[in-house]
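So this block is coords30.pdb, PDB, N, CA and C atoms:
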ATOM      1  N   MET A   1     -15.457  -1.077   1.597
ATOM      2  CA  MET A   1     -14.836   0.209   1.844
ATOM      3  C   MET A   1     -13.319   0.035   1.933
ATOM      4  N   LYS A   2     -12.605   0.868   1.206
ATOM      5  CA  LYS A   2     -11.152   0.777   1.214
ATOM      6  C   LYS A   2     -10.585   1.439   2.462
ATOM      7  N   SER A   3      -9.522   0.855   2.954
ATOM      8  CA  SER A   3      -8.863   1.445   4.110
ATOM      9  C   SER A   3      -7.953   2.576   3.641
ATOM     10  N   PHE A   4      -7.436   3.295   4.593
ATOM     11  CA  PHE A   4      -6.526   4.405   4.334
ATOM     12  C   PHE A   4      -5.322   3.930   3.524
ATOM     13  N   PHE A   5      -4.793   2.753   3.852
ATOM     14  CA  PHE A   5      -3.582   2.271   3.220
ATOM     15  C   PHE A   5      -3.819   1.680   1.835
ATOM     16  N   GLU A   6      -5.072   1.432   1.466
ATOM     17  CA  GLU A   6      -5.381   0.908   0.139
ATOM     18  C   GLU A   6      -5.650   2.023  -0.866
ATOM     19  N   SER A   7      -5.610   3.267  -0.430
ATOM     20  CA  SER A   7      -5.933   4.396  -1.282
ATOM     21  C   SER A   7      -4.850   4.625  -2.334
ATOM     22  N   LYS A   8      -5.237   4.569  -3.610
ATOM     23  CA  LYS A   8      -4.280   4.817  -4.689
ATOM     24  C   LYS A   8      -3.838   6.274  -4.695
ATOM     25  N   THR A   9      -4.666   7.174  -4.194
ATOM     26  CA  THR A   9      -4.304   8.589  -4.150
ATOM     27  C   THR A   9      -3.126   8.808  -3.221
ATOM     28  N   ILE A  10      -3.178   8.211  -2.046
ATOM     29  CA  ILE A  10      -2.102   8.377  -1.071
ATOM     30  C   ILE A  10      -0.822   7.721  -1.576
ATOM     31  N   TRP A  11      -0.904   6.448  -1.976
ATOM     32  CA  TRP A  11       0.283   5.738  -2.443
ATOM     33  C   TRP A  11       0.807   6.336  -3.735
ATOM     34  N   GLY A  12      -0.084   6.793  -4.608
ATOM     35  CA  GLY A  12       0.356   7.411  -5.864
ATOM     36  C   GLY A  12       1.197   8.648  -5.612
ATOM     37  N   GLY A  13       0.777   9.451  -4.632
ATOM     38  CA  GLY A  13       1.552  10.635  -4.277
ATOM     39  C   GLY A  13       2.914  10.278  -3.714
ATOM     40  N   LEU A  14       2.957   9.261  -2.862
ATOM     41  CA  LEU A  14       4.237   8.835  -2.288
ATOM     42  C   LEU A  14       5.160   8.247  -3.351
ATOM     43  N   ILE A  15       4.592   7.493  -4.283
ATOM     44  CA  ILE A  15       5.399   6.906  -5.346
ATOM     45  C   ILE A  15       5.917   7.986  -6.288
ATOM     46  N   ALA A  16       5.081   8.984  -6.584
ATOM     47  CA  ALA A  16       5.526  10.101  -7.418
ATOM     48  C   ALA A  16       6.662  10.861  -6.743
ATOM     49  N   PHE A  17       6.545  11.056  -5.441
ATOM     50  CA  PHE A  17       7.614  11.715  -4.684
ATOM     51  C   PHE A  17       8.897  10.885  -4.752
ATOM     52  N   GLY A  18       8.754   9.570  -4.538
ATOM     53  CA  GLY A  18       9.913   8.676  -4.615
ATOM     54  C   GLY A  18      10.555   8.684  -5.991
ATOM     55  N   ALA A  19       9.736   8.742  -7.035
ATOM     56  CA  ALA A  19      10.261   8.793  -8.404
ATOM     57  C   ALA A  19      11.028  10.096  -8.629
ATOM     58  N   GLY A  20      10.531  11.178  -8.039
ATOM     59  CA  GLY A  20      11.238  12.460  -8.147
ATOM     60  C   GLY A  20      12.588  12.418  -7.454
ATOM     61  N   VAL A  21      12.620  11.820  -6.282
ATOM     62  CA  VAL A  21      13.883  11.678  -5.554
ATOM     63  C   VAL A  21      14.836  10.779  -6.335
ATOM     64  N   ALA A  22      14.317   9.687  -6.892
ATOM     65  CA  ALA A  22      15.149   8.788  -7.694
ATOM     66  C   ALA A  22      15.720   9.530  -8.906
ATOM     67  N   GLY A  23      14.908  10.395  -9.501
ATOM     68  CA  GLY A  23      15.379  11.193 -10.631
ATOM     69  C   GLY A  23      16.517  12.117 -10.246
ATOM     70  N   LEU A  24      16.434  12.698  -9.052
ATOM     71  CA  LEU A  24      17.514  13.559  -8.574
ATOM     72  C   LEU A  24      18.801  12.766  -8.343
ATOM     73  N   LEU A  25      18.651  11.491  -8.016
ATOM     74  CA  LEU A  25      19.813  10.635  -7.776
ATOM     75  C   LEU A  25      20.347   9.989  -9.050
ATOM     76  N   GLY A  26      19.691  10.283 -10.180
ATOM     77  CA  GLY A  26      20.171   9.784 -11.462
ATOM     78  C   GLY A  26      19.493   8.526 -11.969
ATOM     79  N   TYR A  27      18.421   8.096 -11.316
ATOM     80  CA  TYR A  27      17.684   6.913 -11.756
ATOM     81  C   TYR A  27      16.425   7.350 -12.485
ATOM     82  N   ALA A  28      16.118   6.674 -13.577
ATOM     83  CA  ALA A  28      14.924   7.003 -14.352
ATOM     84  C   ALA A  28      13.787   6.066 -13.957
ATOM     85  N   VAL A  29      12.641   6.644 -13.614
ATOM     86  CA  VAL A  29      11.440   5.867 -13.291
ATOM     87  C   VAL A  29      10.349   6.320 -14.253
ATOM     88  N   SER A  30       9.959   5.425 -15.154
ATOM     89  CA  SER A  30       8.939   5.788 -16.134
ATOM     90  C   SER A  30       7.551   5.743 -15.499
ATOM     91  N   ASP A  31       6.579   6.286 -16.206
ATOM     92  CA  ASP A  31       5.196   6.256 -15.726
ATOM     93  C   ASP A  31       4.697   4.816 -15.614
ATOM     94  N   ALA A  32       5.115   3.968 -16.555
ATOM     95  CA  ALA A  32       4.704   2.557 -16.510
ATOM     96  C   ALA A  32       5.285   1.870 -15.274
ATOM     97  N   ASP A  33       6.541   2.194 -14.940
ATOM     98  CA  ASP A  33       7.154   1.633 -13.734
ATOM     99  C   ASP A  33       6.392   2.091 -12.486
ATOM    100  N   ALA A  34       6.047   3.360 -12.445
ATOM    101  CA  ALA A  34       5.329   3.901 -11.293
ATOM    102  C   ALA A  34       3.948   3.248 -11.156
ATOM    103  N   GLU A  35       3.262   3.018 -12.261
ATOM    104  CA  GLU A  35       1.949   2.360 -12.227
ATOM    105  C   GLU A  35       2.068   0.923 -11.719
ATOM    106  N   GLN A  36       3.118   0.227 -12.142
ATOM    107  CA  GLN A  36       3.333  -1.153 -11.694
ATOM    108  C   GLN A  36       3.639  -1.186 -10.199
ATOM    109  N   ILE A  37       4.464  -0.263  -9.739
ATOM    110  CA  ILE A  37       4.775  -0.175  -8.302
ATOM    111  C   ILE A  37       3.500   0.113  -7.520
ATOM    112  N   LEU A  38       2.679   1.029  -8.023
ATOM    113  CA  LEU A  38       1.421   1.370  -7.354
ATOM    114  C   LEU A  38       0.506   0.149  -7.260
ATOM    115  N   ALA A  39       0.448  -0.647  -8.315
ATOM    116  CA  ALA A  39      -0.379  -1.856  -8.293
ATOM    117  C   ALA A  39       0.123  -2.840  -7.244
ATOM    118  N   TYR A  40       1.425  -3.020  -7.155
ATOM    119  CA  TYR A  40       1.996  -3.920  -6.145
ATOM    120  C   TYR A  40       1.717  -3.423  -4.732
ATOM    121  N   VAL A  41       1.908  -2.132  -4.514
ATOM    122  CA  VAL A  41       1.746  -1.566  -3.171
ATOM    123  C   VAL A  41       0.291  -1.640  -2.711
ATOM    124  N   THR A  42      -0.639  -1.248  -3.572
ATOM    125  CA  THR A  42      -2.045  -1.288  -3.166
ATOM    126  C   THR A  42      -2.538  -2.720  -3.010
ATOM    127  N   GLY A  43      -2.035  -3.629  -3.840
ATOM    128  CA  GLY A  43      -2.384  -5.044  -3.685
ATOM    129  C   GLY A  43      -1.854  -5.603  -2.375
ATOM    130  N   GLY A  44      -0.620  -5.253  -2.059
ATOM    131  CA  GLY A  44      -0.034  -5.684  -0.791
ATOM    132  C   GLY A  44      -0.758  -5.105   0.400
ATOM    133  N   ALA A  45      -1.165  -3.841   0.294
ATOM    134  CA  ALA A  45      -1.908  -3.211   1.385
ATOM    135  C   ALA A  45      -3.256  -3.891   1.587
ATOM    136  N   ALA A  46      -3.886  -4.327   0.501
ATOM    137  CA  ALA A  46      -5.168  -5.028   0.606
ATOM    138  C   ALA A  46      -4.987  -6.375   1.301
ATOM    139  N   ILE A  47      -3.897  -7.066   0.980
ATOM    140  CA  ILE A  47      -3.625  -8.356   1.624
ATOM    141  C   ILE A  47      -3.371  -8.169   3.110
ATOM    142  N   VAL A  48      -2.557  -7.182   3.448
ATOM    143  CA  VAL A  48      -2.272  -6.909   4.864
ATOM    144  C   VAL A  48      -3.549  -6.513   5.594
ATOM    145  N   GLY A  49      -4.386  -5.708   4.970
ATOM    146  CA  GLY A  49      -5.657  -5.321   5.583
ATOM    147  C   GLY A  49      -6.555  -6.532   5.827
ATOM    148  N   GLY A  50      -6.576  -7.460   4.878
ATOM    149  CA  GLY A  50      -7.368  -8.681   5.051
ATOM    150  C   GLY A  50      -6.853  -9.534   6.193
ATOM    151  N   ILE A  51      -5.539  -9.653   6.294
ATOM    152  CA  ILE A  51      -4.939 -10.420   7.392
ATOM    153  C   ILE A  51      -5.255  -9.769   8.736
ATOM    154  N   GLN A  52      -5.182  -8.451   8.788
ATOM    155  CA  GLN A  52      -5.516  -7.738  10.025
ATOM    156  C   GLN A  52      -6.976  -7.958  10.398
ATOM    157  N   ALA A  53      -7.858  -7.955   9.420
ATOM    158  CA  ALA A  53      -9.278  -8.165   9.695
ATOM    159  C   ALA A  53      -9.523  -9.567  10.239
ATOM    160  N   ILE A  54      -8.884 -10.558   9.641
ATOM    161  CA  ILE A  54      -9.035 -11.936  10.120
ATOM    162  C   ILE A  54      -8.490 -12.061  11.535
ATOM    163  N   TYR A  55      -7.328 -11.502  11.781
ATOM    164  CA  TYR A  55      -6.728 -11.550  13.122
ATOM    165  C   TYR A  55      -7.644 -10.866  14.138
ATOM    166  N   GLY A  56      -8.211  -9.727  13.766
ATOM    167  CA  GLY A  56      -9.120  -9.016  14.664
ATOM    168  C   GLY A  56     -10.353  -9.828  15.000
ATOM    169  N   ARG A  57     -10.898 -10.537  13.995
ATOM    170  CA  ARG A  57     -12.079 -11.379  14.239
ATOM    171  C   ARG A  57     -11.733 -12.542  15.165
ATOM    172  N   ILE A  58     -10.572 -13.148  14.966
ATOM    173  CA  ILE A  58     -10.156 -14.264  15.823
ATOM    174  C   ILE A  58      -9.932 -13.778  17.250
ATOM    175  N   LYS A  59      -9.247 -12.654  17.380
ATOM    176  CA  LYS A  59      -8.956 -12.106  18.707
ATOM    177  C   LYS A  59     -10.242 -11.706  19.422
ATOM    178  N   ALA A  60     -11.187 -11.124  18.691
ATOM    179  CA  ALA A  60     -12.448 -10.693  19.297
ATOM    180  C   ALA A  60     -13.325 -11.867  19.685
ATOM    181  N   SER A  61     -13.148 -13.005  19.007
ATOM    182  CA  SER A  61     -13.999 -14.159  19.306
ATOM    183  C   SER A  61     -13.555 -14.914  20.563
ATOM    184  N   LYS A  62     -12.328 -14.658  21.032
ATOM    185  CA  LYS A  62     -11.845 -15.319  22.243
ATOM    186  C   LYS A  62     -12.539 -14.708  23.461
ATOM    187  N   LYS A  63     -12.790 -15.522  24.437
ATOM    188  CA  LYS A  63     -13.461 -15.041  25.634
ATOM    189  C   LYS A  63     -12.522 -14.187  26.485
ATOM    190  N   ILE A  64     -13.081 -13.157  27.038
ATOM    191  CA  ILE A  64     -12.307 -12.274  27.902
ATOM    192  C   ILE A  64     -12.394 -12.803  29.321
ATOM    193  N   GLY A  65     -11.258 -12.835  29.996
ATOM    194  CA  GLY A  65     -11.288 -13.235  31.392
ATOM    195  C   GLY A  65     -10.645 -14.476  31.615
TER     196      GLY A  65
END
Once you've parsed the file, please lay out its structure as structure tokens.
Amino acid sequence: MKSFFESKTIWGGLIAFGAGVAGLLGYAVSDADAEQILAYVTGGAAIVGGIQAIYGRIKASKKIG
């Protein structure tokens, strides 16, 4: 199951918004650039999610008290 931060729908919307803002500032962001950014962001979010899961398992395995 994908986490909230791994959702391409959420990140795609944010990247599209960022591309629009960049366009207003005079920078061109092509669709291919946006797709590449989306791949990096969702991949990074998956890595961070995995690290959080491992940390949570380690923390939960320690004895309380």
Exercise. Using DSSP on the backbone coordinates, identify all residues within chain A classified as alpha helix (DSSP H); present the result as a ChimeraX atom specification.
Key: /A:8-24,31-61
Store the residues picked out above, limited to N, CA and C atoms, as a tab-separated table (two decimals), in the coordinates of the input.
chain	number	residue	atom	x	y	z
A	8	LYS	N	-5.24	4.57	-3.61
A	8	LYS	CA	-4.28	4.82	-4.69
A	8	LYS	C	-3.84	6.27	-4.70
A	9	THR	N	-4.67	7.17	-4.19
A	9	THR	CA	-4.30	8.59	-4.15
A	9	THR	C	-3.13	8.81	-3.22
A	10	ILE	N	-3.18	8.21	-2.05
A	10	ILE	CA	-2.10	8.38	-1.07
A	10	ILE	C	-0.82	7.72	-1.58
A	11	TRP	N	-0.90	6.45	-1.98
A	11	TRP	CA	0.28	5.74	-2.44
A	11	TRP	C	0.81	6.34	-3.74
A	12	GLY	N	-0.08	6.79	-4.61
A	12	GLY	CA	0.36	7.41	-5.86
A	12	GLY	C	1.20	8.65	-5.61
A	13	GLY	N	0.78	9.45	-4.63
A	13	GLY	CA	1.55	10.64	-4.28
A	13	GLY	C	2.91	10.28	-3.71
A	14	LEU	N	2.96	9.26	-2.86
A	14	LEU	CA	4.24	8.84	-2.29
A	14	LEU	C	5.16	8.25	-3.35
A	15	ILE	N	4.59	7.49	-4.28
A	15	ILE	CA	5.40	6.91	-5.35
A	15	ILE	C	5.92	7.99	-6.29
A	16	ALA	N	5.08	8.98	-6.58
A	16	ALA	CA	5.53	10.10	-7.42
A	16	ALA	C	6.66	10.86	-6.74
A	17	PHE	N	6.54	11.06	-5.44
A	17	PHE	CA	7.61	11.72	-4.68
A	17	PHE	C	8.90	10.88	-4.75
A	18	GLY	N	8.75	9.57	-4.54
A	18	GLY	CA	9.91	8.68	-4.62
A	18	GLY	C	10.56	8.68	-5.99
A	19	ALA	N	9.74	8.74	-7.04
A	19	ALA	CA	10.26	8.79	-8.40
A	19	ALA	C	11.03	10.10	-8.63
A	20	GLY	N	10.53	11.18	-8.04
A	20	GLY	CA	11.24	12.46	-8.15
A	20	GLY	C	12.59	12.42	-7.45
A	21	VAL	N	12.62	11.82	-6.28
A	21	VAL	CA	13.88	11.68	-5.55
A	21	VAL	C	14.84	10.78	-6.34
A	22	ALA	N	14.32	9.69	-6.89
A	22	ALA	CA	15.15	8.79	-7.69
A	22	ALA	C	15.72	9.53	-8.91
A	23	GLY	N	14.91	10.40	-9.50
A	23	GLY	CA	15.38	11.19	-10.63
A	23	GLY	C	16.52	12.12	-10.25
A	24	LEU	N	16.43	12.70	-9.05
A	24	LEU	CA	17.51	13.56	-8.57
A	24	LEU	C	18.80	12.77	-8.34
A	31	ASP	N	6.58	6.29	-16.21
A	31	ASP	CA	5.20	6.26	-15.73
A	31	ASP	C	4.70	4.82	-15.61
A	32	ALA	N	5.12	3.97	-16.56
A	32	ALA	CA	4.70	2.56	-16.51
A	32	ALA	C	5.28	1.87	-15.27
A	33	ASP	N	6.54	2.19	-14.94
A	33	ASP	CA	7.15	1.63	-13.73
A	33	ASP	C	6.39	2.09	-12.49
A	34	ALA	N	6.05	3.36	-12.44
A	34	ALA	CA	5.33	3.90	-11.29
A	34	ALA	C	3.95	3.25	-11.16
A	35	GLU	N	3.26	3.02	-12.26
A	35	GLU	CA	1.95	2.36	-12.23
A	35	GLU	C	2.07	0.92	-11.72
A	36	GLN	N	3.12	0.23	-12.14
A	36	GLN	CA	3.33	-1.15	-11.69
A	36	GLN	C	3.64	-1.19	-10.20
A	37	ILE	N	4.46	-0.26	-9.74
A	37	ILE	CA	4.78	-0.18	-8.30
A	37	ILE	C	3.50	0.11	-7.52
A	38	LEU	N	2.68	1.03	-8.02
A	38	LEU	CA	1.42	1.37	-7.35
A	38	LEU	C	0.51	0.15	-7.26
A	39	ALA	N	0.45	-0.65	-8.32
A	39	ALA	CA	-0.38	-1.86	-8.29
A	39	ALA	C	0.12	-2.84	-7.24
A	40	TYR	N	1.42	-3.02	-7.16
A	40	TYR	CA	2.00	-3.92	-6.14
A	40	TYR	C	1.72	-3.42	-4.73
A	41	VAL	N	1.91	-2.13	-4.51
A	41	VAL	CA	1.75	-1.57	-3.17
A	41	VAL	C	0.29	-1.64	-2.71
A	42	THR	N	-0.64	-1.25	-3.57
A	42	THR	CA	-2.04	-1.29	-3.17
A	42	THR	C	-2.54	-2.72	-3.01
A	43	GLY	N	-2.04	-3.63	-3.84
A	43	GLY	CA	-2.38	-5.04	-3.68
A	43	GLY	C	-1.85	-5.60	-2.38
A	44	GLY	N	-0.62	-5.25	-2.06
A	44	GLY	CA	-0.03	-5.68	-0.79
A	44	GLY	C	-0.76	-5.11	0.40
A	45	ALA	N	-1.16	-3.84	0.29
A	45	ALA	CA	-1.91	-3.21	1.38
A	45	ALA	C	-3.26	-3.89	1.59
A	46	ALA	N	-3.89	-4.33	0.50
A	46	ALA	CA	-5.17	-5.03	0.61
A	46	ALA	C	-4.99	-6.38	1.30
A	47	ILE	N	-3.90	-7.07	0.98
A	47	ILE	CA	-3.62	-8.36	1.62
A	47	ILE	C	-3.37	-8.17	3.11
A	48	VAL	N	-2.56	-7.18	3.45
A	48	VAL	CA	-2.27	-6.91	4.86
A	48	VAL	C	-3.55	-6.51	5.59
A	49	GLY	N	-4.39	-5.71	4.97
A	49	GLY	CA	-5.66	-5.32	5.58
A	49	GLY	C	-6.56	-6.53	5.83
A	50	GLY	N	-6.58	-7.46	4.88
A	50	GLY	CA	-7.37	-8.68	5.05
A	50	GLY	C	-6.85	-9.53	6.19
A	51	ILE	N	-5.54	-9.65	6.29
A	51	ILE	CA	-4.94	-10.42	7.39
A	51	ILE	C	-5.26	-9.77	8.74
A	52	GLN	N	-5.18	-8.45	8.79
A	52	GLN	CA	-5.52	-7.74	10.02
A	52	GLN	C	-6.98	-7.96	10.40
A	53	ALA	N	-7.86	-7.96	9.42
A	53	ALA	CA	-9.28	-8.16	9.70
A	53	ALA	C	-9.52	-9.57	10.24
A	54	ILE	N	-8.88	-10.56	9.64
A	54	ILE	CA	-9.04	-11.94	10.12
A	54	ILE	C	-8.49	-12.06	11.54
A	55	TYR	N	-7.33	-11.50	11.78
A	55	TYR	CA	-6.73	-11.55	13.12
A	55	TYR	C	-7.64	-10.87	14.14
A	56	GLY	N	-8.21	-9.73	13.77
A	56	GLY	CA	-9.12	-9.02	14.66
A	56	GLY	C	-10.35	-9.83	15.00
A	57	ARG	N	-10.90	-10.54	14.00
A	57	ARG	CA	-12.08	-11.38	14.24
A	57	ARG	C	-11.73	-12.54	15.16
A	58	ILE	N	-10.57	-13.15	14.97
A	58	ILE	CA	-10.16	-14.26	15.82
A	58	ILE	C	-9.93	-13.78	17.25
A	59	LYS	N	-9.25	-12.65	17.38
A	59	LYS	CA	-8.96	-12.11	18.71
A	59	LYS	C	-10.24	-11.71	19.42
A	60	ALA	N	-11.19	-11.12	18.69
A	60	ALA	CA	-12.45	-10.69	19.30
A	60	ALA	C	-13.32	-11.87	19.68
A	61	SER	N	-13.15	-13.00	19.01
A	61	SER	CA	-14.00	-14.16	19.31
A	61	SER	C	-13.56	-14.91	20.56
Practice problem: Kindly give the distance, in Å, that separates CA of Leu38 in chain A and CA of Gly26 in chain A, rounded to a single decimal. | Solution: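 According to the coordinates, CA of Leu38 in chain A and CA of Gly26 in chain A are separated by 21.0 Å.
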Quiz item: For the atom pair atom C of Ala34 in chain A and CA of Ala16 in chain A, what is the interatomic distance in Å to one decimal place?
Solution: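 These two atoms are separated by 8.0 Å.
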Quiz prompt | Residues matched by the PyMOL selection byres (((chain A and resi 39 and name CA) around 12) and name CA), written as a ChimeraX atom specification | solution = /A:6-9,11-12,15,32-38,40-46
Quiz item: Interatomic distance between atom N of Ile47 in chain A and atom N of Ala60 in chain A?
Solution: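 The value is 19.6 Å.
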